[in-house]
Amino acid sequence: MKTLELVIVTPDQKVFSGSITGIRLPGALGSFEVLPQHADIVSTLEKGILRIQTTDGKTLQYSTQGGVIEVKGNNVSVLLEEAAVV
């Protein structure tokens with residue numbers, strides 16, 4: 001199974017760190033998904049829900065007020081203004 005390494009942080013804390021199989025995010029131009037082998041990107045995020053697919057098949061959801069994502073290789077960094085478990 002191919003995976004991504006994800007780190008999600010806010011100004012106050014590290015929200016998530018670990019291996020995942022995919023993540024859906026509320027991009028500034030619409031919702032998009034990042035899967036293993038995704039092209040490198042940097043994008044702004046809008047208010048909405050992040051949906052993370054974990055390697056054990058669970059879905060984690062966080063609400064956010066916006067932020068930034070960077071994908072480089074199979075490493076994903078998400079910087080959020082704030083995050084709350086949904």
# chains A, B, ... in the order shown; residues from 1 in each chain; ligands from 1
>>> closest_atom_pairs(of="range 37-67 of chain A", to="range 2-13 of chain A", cutoff="12 Å", atoms="only C-alpha atoms", output="Markdown table")
| residue | atom | partner | partner_atom | distance |
| --- | --- | --- | --- | --- |
| A:Gln37 | CA | A:Leu4 | CA | 8.4 |
| A:His38 | CA | A:Leu4 | CA | 9.4 |
| A:Leu50 | CA | A:Ile8 | CA | 10.4 |
| A:Ile52 | CA | A:Leu6 | CA | 9.4 |
| A:Gln53 | CA | A:Thr3 | CA | 10.0 |
| A:Thr54 | CA | A:Thr3 | CA | 9.1 |
| A:Thr55 | CA | A:Thr3 | CA | 7.5 |
| A:Asp56 | CA | A:Thr3 | CA | 11.3 |
| A:Tyr62 | CA | A:Ile8 | CA | 10.3 |
| A:Thr64 | CA | A:Thr10 | CA | 10.0 |
| A:Gln65 | CA | A:Thr10 | CA | 10.9 |
| A:Gly66 | CA | A:Thr10 | CA | 10.5 |
| A:Gly67 | CA | A:Thr10 | CA | 8.9 |
>>> closest_residue(among="A:Glu46, A:Ala39, A:Ala83, A:Gly30", to="Glu70 in chain A", atoms="only C-alpha atoms")
A:Ala39
>>> closest_residue(among="A:Arg51, A:Asn75, A:Ala84, A:Gly57", to="Leu25 in chain A", atoms="only C-alpha atoms")
A:Arg51
>>> atom_distance(atom1="CA of Ile69 in chain A", atom2="CA of Thr21 in chain A")
16.3 Å
>>> select_by_dssp(residues="chain A", states="strand (DSSP E)", output="ChimeraX atom specification")
/A:4-9,14-27,30-34,41-45,48-54,59-64,67-72,75-80,83-85
>>> write_last_selection(atoms="C-alpha atoms", output="PDB file, in the first residue's frame")
ATOM      1  CA  LEU A   4       1.814   9.780   2.284  1.00  0.00           C
ATOM      2  CA  GLU A   5       3.473  11.312   5.326  1.00  0.00           C
ATOM      3  CA  LEU A   6       1.187  14.034   6.710  1.00  0.00           C
ATOM      4  CA  VAL A   7       1.826  16.771   9.253  1.00  0.00           C
ATOM      5  CA  ILE A   8      -0.932  19.210  10.239  1.00  0.00           C
ATOM      6  CA  VAL A   9      -0.066  22.145  12.505  1.00  0.00           C
ATOM      7  CA  LYS A  14       0.654  19.815  16.108  1.00  0.00           C
ATOM      8  CA  VAL A  15      -2.766  18.423  15.204  1.00  0.00           C
ATOM      9  CA  PHE A  16      -1.735  15.283  13.304  1.00  0.00           C
ATOM     10  CA  SER A  17       1.426  13.495  12.234  1.00  0.00           C
ATOM     11  CA  GLY A  18       1.608  10.119  10.540  1.00  0.00           C
ATOM     12  CA  SER A  19       1.155   7.948   7.470  1.00  0.00           C
ATOM     13  CA  ILE A  20      -2.084   8.215   5.485  1.00  0.00           C
ATOM     14  CA  THR A  21      -3.473   6.901   2.205  1.00  0.00           C
ATOM     15  CA  GLY A  22      -5.123  10.173   1.139  1.00  0.00           C
ATOM     16  CA  ILE A  23      -6.524  13.541   2.176  1.00  0.00           C
ATOM     17  CA  ARG A  24      -9.369  15.713   0.803  1.00  0.00           C
ATOM     18  CA  LEU A  25      -9.075  19.450   1.406  1.00  0.00           C
ATOM     19  CA  PRO A  26     -11.134  22.633   0.840  1.00  0.00           C
ATOM     20  CA  GLY A  27      -8.937  24.445  -1.689  1.00  0.00           C
ATOM     21  CA  GLY A  30     -12.598  24.012  -4.854  1.00  0.00           C
ATOM     22  CA  SER A  31     -12.207  20.762  -2.981  1.00  0.00           C
ATOM     23  CA  PHE A  32      -9.316  18.521  -4.045  1.00  0.00           C
ATOM     24  CA  GLU A  33      -7.715  15.245  -3.037  1.00  0.00           C
ATOM     25  CA  VAL A  34      -4.065  14.341  -2.531  1.00  0.00           C
ATOM     26  CA  ILE A  41       1.915  21.768  -5.181  1.00  0.00           C
ATOM     27  CA  VAL A  42       1.415  24.696  -2.852  1.00  0.00           C
ATOM     28  CA  SER A  43      -2.175  25.887  -2.403  1.00  0.00           C
ATOM     29  CA  THR A  44      -4.276  28.013  -0.095  1.00  0.00           C
ATOM     30  CA  LEU A  45      -7.143  26.444   1.808  1.00  0.00           C
ATOM     31  CA  GLY A  48     -14.207  23.741   5.348  1.00  0.00           C
ATOM     32  CA  ILE A  49     -13.530  20.137   6.291  1.00  0.00           C
ATOM     33  CA  LEU A  50     -10.318  18.112   5.863  1.00  0.00           C
ATOM     34  CA  ARG A  51     -10.933  14.375   5.444  1.00  0.00           C
ATOM     35  CA  ILE A  52      -7.977  12.087   6.142  1.00  0.00           C
ATOM     36  CA  GLN A  53      -7.907   8.417   5.150  1.00  0.00           C
ATOM     37  CA  THR A  54      -5.658   6.587   7.605  1.00  0.00           C
ATOM     38  CA  THR A  59     -11.561   8.563   8.216  1.00  0.00           C
ATOM     39  CA  LEU A  60     -10.565  11.495  10.416  1.00  0.00           C
ATOM     40  CA  GLN A  61     -12.227  14.876   9.913  1.00  0.00           C
ATOM     41  CA  TYR A  62     -11.118  18.335  11.007  1.00  0.00           C
ATOM     42  CA  SER A  63     -12.884  21.635  10.436  1.00  0.00           C
ATOM     43  CA  THR A  64     -10.723  24.600   9.552  1.00  0.00           C
ATOM     44  CA  GLY A  67      -4.597  27.703   5.729  1.00  0.00           C
ATOM     45  CA  VAL A  68      -1.925  26.465   3.320  1.00  0.00           C
ATOM     46  CA  ILE A  69      -0.886  23.038   2.004  1.00  0.00           C
ATOM     47  CA  GLU A  70       2.438  21.982   0.518  1.00  0.00           C
ATOM     48  CA  VAL A  71       2.918  18.628  -1.209  1.00  0.00           C
ATOM     49  CA  LYS A  72       6.497  17.632  -2.007  1.00  0.00           C
ATOM     50  CA  ASN A  75       5.240  14.482   2.147  1.00  0.00           C
ATOM     51  CA  VAL A  76       2.258  16.704   2.894  1.00  0.00           C
ATOM     52  CA  SER A  77       2.443  19.720   5.220  1.00  0.00           C
ATOM     53  CA  VAL A  78      -0.764  21.517   6.185  1.00  0.00           C
ATOM     54  CA  LEU A  79      -0.613  24.814   8.100  1.00  0.00           C
ATOM     55  CA  LEU A  80      -4.015  25.815   9.472  1.00  0.00           C
ATOM     56  CA  ALA A  83      -8.479  23.008  13.517  1.00  0.00           C
ATOM     57  CA  ALA A  84     -11.189  21.148  15.389  1.00  0.00           C
ATOM     58  CA  VAL A  85     -12.122  17.470  15.301  1.00  0.00           C
TER      59      VAL A  85
END
>>> closest_residue(among="A:Leu29, A:Glu81, A:Val86, A:Leu35", to="Met1 in chain A", atoms="only C-alpha atoms")
A:Leu35
>>> decode(residues="range 39-78 of chain A", atoms="N, CA and C atoms", output="PDB file, in the first residue's frame")
ATOM      1  N   ALA A  39       1.419  15.228  -7.729  1.00  0.00           N
ATOM      2  CA  ALA A  39       2.360  16.260  -8.170  1.00  0.00           C
ATOM      3  C   ALA A  39       2.630  17.236  -7.032  1.00  0.00           C
ATOM      4  N   ASP A  40       3.825  17.794  -7.005  1.00  0.00           N
ATOM      5  CA  ASP A  40       4.172  18.796  -6.001  1.00  0.00           C
ATOM      6  C   ASP A  40       3.308  20.035  -6.208  1.00  0.00           C
ATOM      7  N   ILE A  41       2.743  20.559  -5.106  1.00  0.00           N
ATOM      8  CA  ILE A  41       1.915  21.768  -5.181  1.00  0.00           C
ATOM      9  C   ILE A  41       2.036  22.570  -3.898  1.00  0.00           C
ATOM     10  N   VAL A  42       1.664  23.835  -4.006  1.00  0.00           N
ATOM     11  CA  VAL A  42       1.415  24.696  -2.852  1.00  0.00           C
ATOM     12  C   VAL A  42       0.075  25.357  -3.146  1.00  0.00           C
ATOM     13  N   SER A  43      -0.844  25.329  -2.179  1.00  0.00           N
ATOM     14  CA  SER A  43      -2.175  25.887  -2.403  1.00  0.00           C
ATOM     15  C   SER A  43      -2.718  26.478  -1.113  1.00  0.00           C
ATOM     16  N   THR A  44      -3.573  27.476  -1.255  1.00  0.00           N
ATOM     17  CA  THR A  44      -4.276  28.013  -0.095  1.00  0.00           C
ATOM     18  C   THR A  44      -5.534  27.190   0.149  1.00  0.00           C
ATOM     19  N   LEU A  45      -5.951  27.175   1.406  1.00  0.00           N
ATOM     20  CA  LEU A  45      -7.143  26.444   1.808  1.00  0.00           C
ATOM     21  C   LEU A  45      -8.182  27.419   2.339  1.00  0.00           C
ATOM     22  N   GLU A  46      -9.440  27.083   2.127  1.00  0.00           N
ATOM     23  CA  GLU A  46     -10.557  27.889   2.595  1.00  0.00           C
ATOM     24  C   GLU A  46     -11.201  27.238   3.816  1.00  0.00           C
ATOM     25  N   LYS A  47     -12.196  27.900   4.360  1.00  0.00           N
ATOM     26  CA  LYS A  47     -12.986  27.341   5.449  1.00  0.00           C
ATOM     27  C   LYS A  47     -13.659  26.068   4.952  1.00  0.00           C
ATOM     28  N   GLY A  48     -13.583  25.002   5.751  1.00  0.00           N
ATOM     29  CA  GLY A  48     -14.207  23.741   5.348  1.00  0.00           C
ATOM     30  C   GLY A  48     -13.722  22.569   6.174  1.00  0.00           C
ATOM     31  N   ILE A  49     -13.858  21.383   5.602  1.00  0.00           N
ATOM     32  CA  ILE A  49     -13.530  20.137   6.291  1.00  0.00           C
ATOM     33  C   ILE A  49     -12.379  19.423   5.581  1.00  0.00           C
ATOM     34  N   LEU A  50     -11.384  18.984   6.357  1.00  0.00           N
ATOM     35  CA  LEU A  50     -10.318  18.112   5.863  1.00  0.00           C
ATOM     36  C   LEU A  50     -10.725  16.685   6.186  1.00  0.00           C
ATOM     37  N   ARG A  51     -10.618  15.784   5.222  1.00  0.00           N
ATOM     38  CA  ARG A  51     -10.933  14.375   5.444  1.00  0.00           C
ATOM     39  C   ARG A  51      -9.677  13.555   5.175  1.00  0.00           C
ATOM     40  N   ILE A  52      -9.215  12.874   6.215  1.00  0.00           N
ATOM     41  CA  ILE A  52      -7.977  12.087   6.142  1.00  0.00           C
ATOM     42  C   ILE A  52      -8.323  10.612   6.149  1.00  0.00           C
ATOM     43  N   GLN A  53      -7.765   9.870   5.173  1.00  0.00           N
ATOM     44  CA  GLN A  53      -7.907   8.417   5.150  1.00  0.00           C
ATOM     45  C   GLN A  53      -6.649   7.825   5.779  1.00  0.00           C
ATOM     46  N   THR A  54      -6.801   7.168   6.917  1.00  0.00           N
ATOM     47  CA  THR A  54      -5.658   6.587   7.605  1.00  0.00           C
ATOM     48  C   THR A  54      -5.293   5.238   6.990  1.00  0.00           C
ATOM     49  N   THR A  55      -4.129   4.743   7.321  1.00  0.00           N
ATOM     50  CA  THR A  55      -3.671   3.471   6.768  1.00  0.00           C
ATOM     51  C   THR A  55      -4.476   2.281   7.295  1.00  0.00           C
ATOM     52  N   ASP A  56      -5.210   2.463   8.391  1.00  0.00           N
ATOM     53  CA  ASP A  56      -6.046   1.374   8.906  1.00  0.00           C
ATOM     54  C   ASP A  56      -7.503   1.503   8.454  1.00  0.00           C
ATOM     55  N   GLY A  57      -7.751   2.350   7.445  1.00  0.00           N
ATOM     56  CA  GLY A  57      -9.081   2.456   6.853  1.00  0.00           C
ATOM     57  C   GLY A  57     -10.041   3.419   7.524  1.00  0.00           C
ATOM     58  N   LYS A  58      -9.605   4.114   8.560  1.00  0.00           N
ATOM     59  CA  LYS A  58     -10.473   5.073   9.250  1.00  0.00           C
ATOM     60  C   LYS A  58     -10.454   6.419   8.528  1.00  0.00           C
ATOM     61  N   THR A  59     -11.499   7.203   8.734  1.00  0.00           N
ATOM     62  CA  THR A  59     -11.561   8.563   8.216  1.00  0.00           C
ATOM     63  C   THR A  59     -11.576   9.523   9.393  1.00  0.00           C
ATOM     64  N   LEU A  60     -10.616  10.445   9.410  1.00  0.00           N
ATOM     65  CA  LEU A  60     -10.565  11.495  10.416  1.00  0.00           C
ATOM     66  C   LEU A  60     -11.004  12.791   9.751  1.00  0.00           C
ATOM     67  N   GLN A  61     -11.765  13.616  10.477  1.00  0.00           N
ATOM     68  CA  GLN A  61     -12.227  14.876   9.913  1.00  0.00           C
ATOM     69  C   GLN A  61     -11.892  16.033  10.857  1.00  0.00           C
ATOM     70  N   TYR A  62     -11.423  17.118  10.264  1.00  0.00           N
ATOM     71  CA  TYR A  62     -11.118  18.335  11.007  1.00  0.00           C
ATOM     72  C   TYR A  62     -11.767  19.510  10.284  1.00  0.00           C
ATOM     73  N   SER A  63     -12.390  20.399  11.041  1.00  0.00           N
ATOM     74  CA  SER A  63     -12.884  21.635  10.436  1.00  0.00           C
ATOM     75  C   SER A  63     -11.774  22.675  10.541  1.00  0.00           C
ATOM     76  N   THR A  64     -11.755  23.578   9.573  1.00  0.00           N
ATOM     77  CA  THR A  64     -10.723  24.600   9.552  1.00  0.00           C
ATOM     78  C   THR A  64     -11.286  25.917   9.046  1.00  0.00           C
ATOM     79  N   GLN A  65     -10.619  26.981   9.372  1.00  0.00           N
ATOM     80  CA  GLN A  65     -10.988  28.311   8.899  1.00  0.00           C
ATOM     81  C   GLN A  65     -10.095  28.767   7.750  1.00  0.00           C
ATOM     82  N   GLY A  66      -9.186  27.904   7.302  1.00  0.00           N
ATOM     83  CA  GLY A  66      -8.289  28.234   6.195  1.00  0.00           C
ATOM     84  C   GLY A  66      -6.863  27.919   6.539  1.00  0.00           C
ATOM     85  N   GLY A  67      -6.005  27.998   5.520  1.00  0.00           N
ATOM     86  CA  GLY A  67      -4.597  27.703   5.729  1.00  0.00           C
ATOM     87  C   GLY A  67      -3.865  27.511   4.413  1.00  0.00           C
ATOM     88  N   VAL A  68      -2.792  26.713   4.475  1.00  0.00           N
ATOM     89  CA  VAL A  68      -1.925  26.465   3.320  1.00  0.00           C
ATOM     90  C   VAL A  68      -1.513  24.996   3.334  1.00  0.00           C
ATOM     91  N   ILE A  69      -1.394  24.405   2.132  1.00  0.00           N
ATOM     92  CA  ILE A  69      -0.886  23.038   2.004  1.00  0.00           C
ATOM     93  C   ILE A  69       0.319  23.053   1.071  1.00  0.00           C
ATOM     94  N   GLU A  70       1.310  22.218   1.405  1.00  0.00           N
ATOM     95  CA  GLU A  70       2.438  21.982   0.518  1.00  0.00           C
ATOM     96  C   GLU A  70       2.577  20.472   0.350  1.00  0.00           C
ATOM     97  N   VAL A  71       2.662  20.028  -0.897  1.00  0.00           N
ATOM     98  CA  VAL A  71       2.918  18.628  -1.209  1.00  0.00           C
ATOM     99  C   VAL A  71       4.257  18.581  -1.928  1.00  0.00           C
ATOM    100  N   LYS A  72       5.181  17.793  -1.388  1.00  0.00           N
ATOM    101  CA  LYS A  72       6.497  17.632  -2.007  1.00  0.00           C
ATOM    102  C   LYS A  72       6.877  16.168  -1.879  1.00  0.00           C
ATOM    103  N   GLY A  73       6.958  15.484  -3.020  1.00  0.00           N
ATOM    104  CA  GLY A  73       7.148  14.041  -2.964  1.00  0.00           C
ATOM    105  C   GLY A  73       5.912  13.441  -2.326  1.00  0.00           C
ATOM    106  N   ASN A  74       6.095  12.522  -1.427  1.00  0.00           N
ATOM    107  CA  ASN A  74       4.966  11.947  -0.691  1.00  0.00           C
ATOM    108  C   ASN A  74       4.866  12.531   0.714  1.00  0.00           C
ATOM    109  N   ASN A  75       5.339  13.771   0.871  1.00  0.00           N
ATOM    110  CA  ASN A  75       5.240  14.482   2.147  1.00  0.00           C
ATOM    111  C   ASN A  75       4.257  15.630   1.997  1.00  0.00           C
ATOM    112  N   VAL A  76       3.294  15.686   2.924  1.00  0.00           N
ATOM    113  CA  VAL A  76       2.258  16.704   2.894  1.00  0.00           C
ATOM    114  C   VAL A  76       2.322  17.498   4.193  1.00  0.00           C
ATOM    115  N   SER A  77       2.449  18.823   4.061  1.00  0.00           N
ATOM    116  CA  SER A  77       2.443  19.720   5.220  1.00  0.00           C
ATOM    117  C   SER A  77       1.234  20.631   5.103  1.00  0.00           C
ATOM    118  N   VAL A  78       0.425  20.677   6.160  1.00  0.00           N
ATOM    119  CA  VAL A  78      -0.764  21.517   6.185  1.00  0.00           C
ATOM    120  C   VAL A  78      -0.621  22.474   7.364  1.00  0.00           C
TER     121      VAL A  78
END
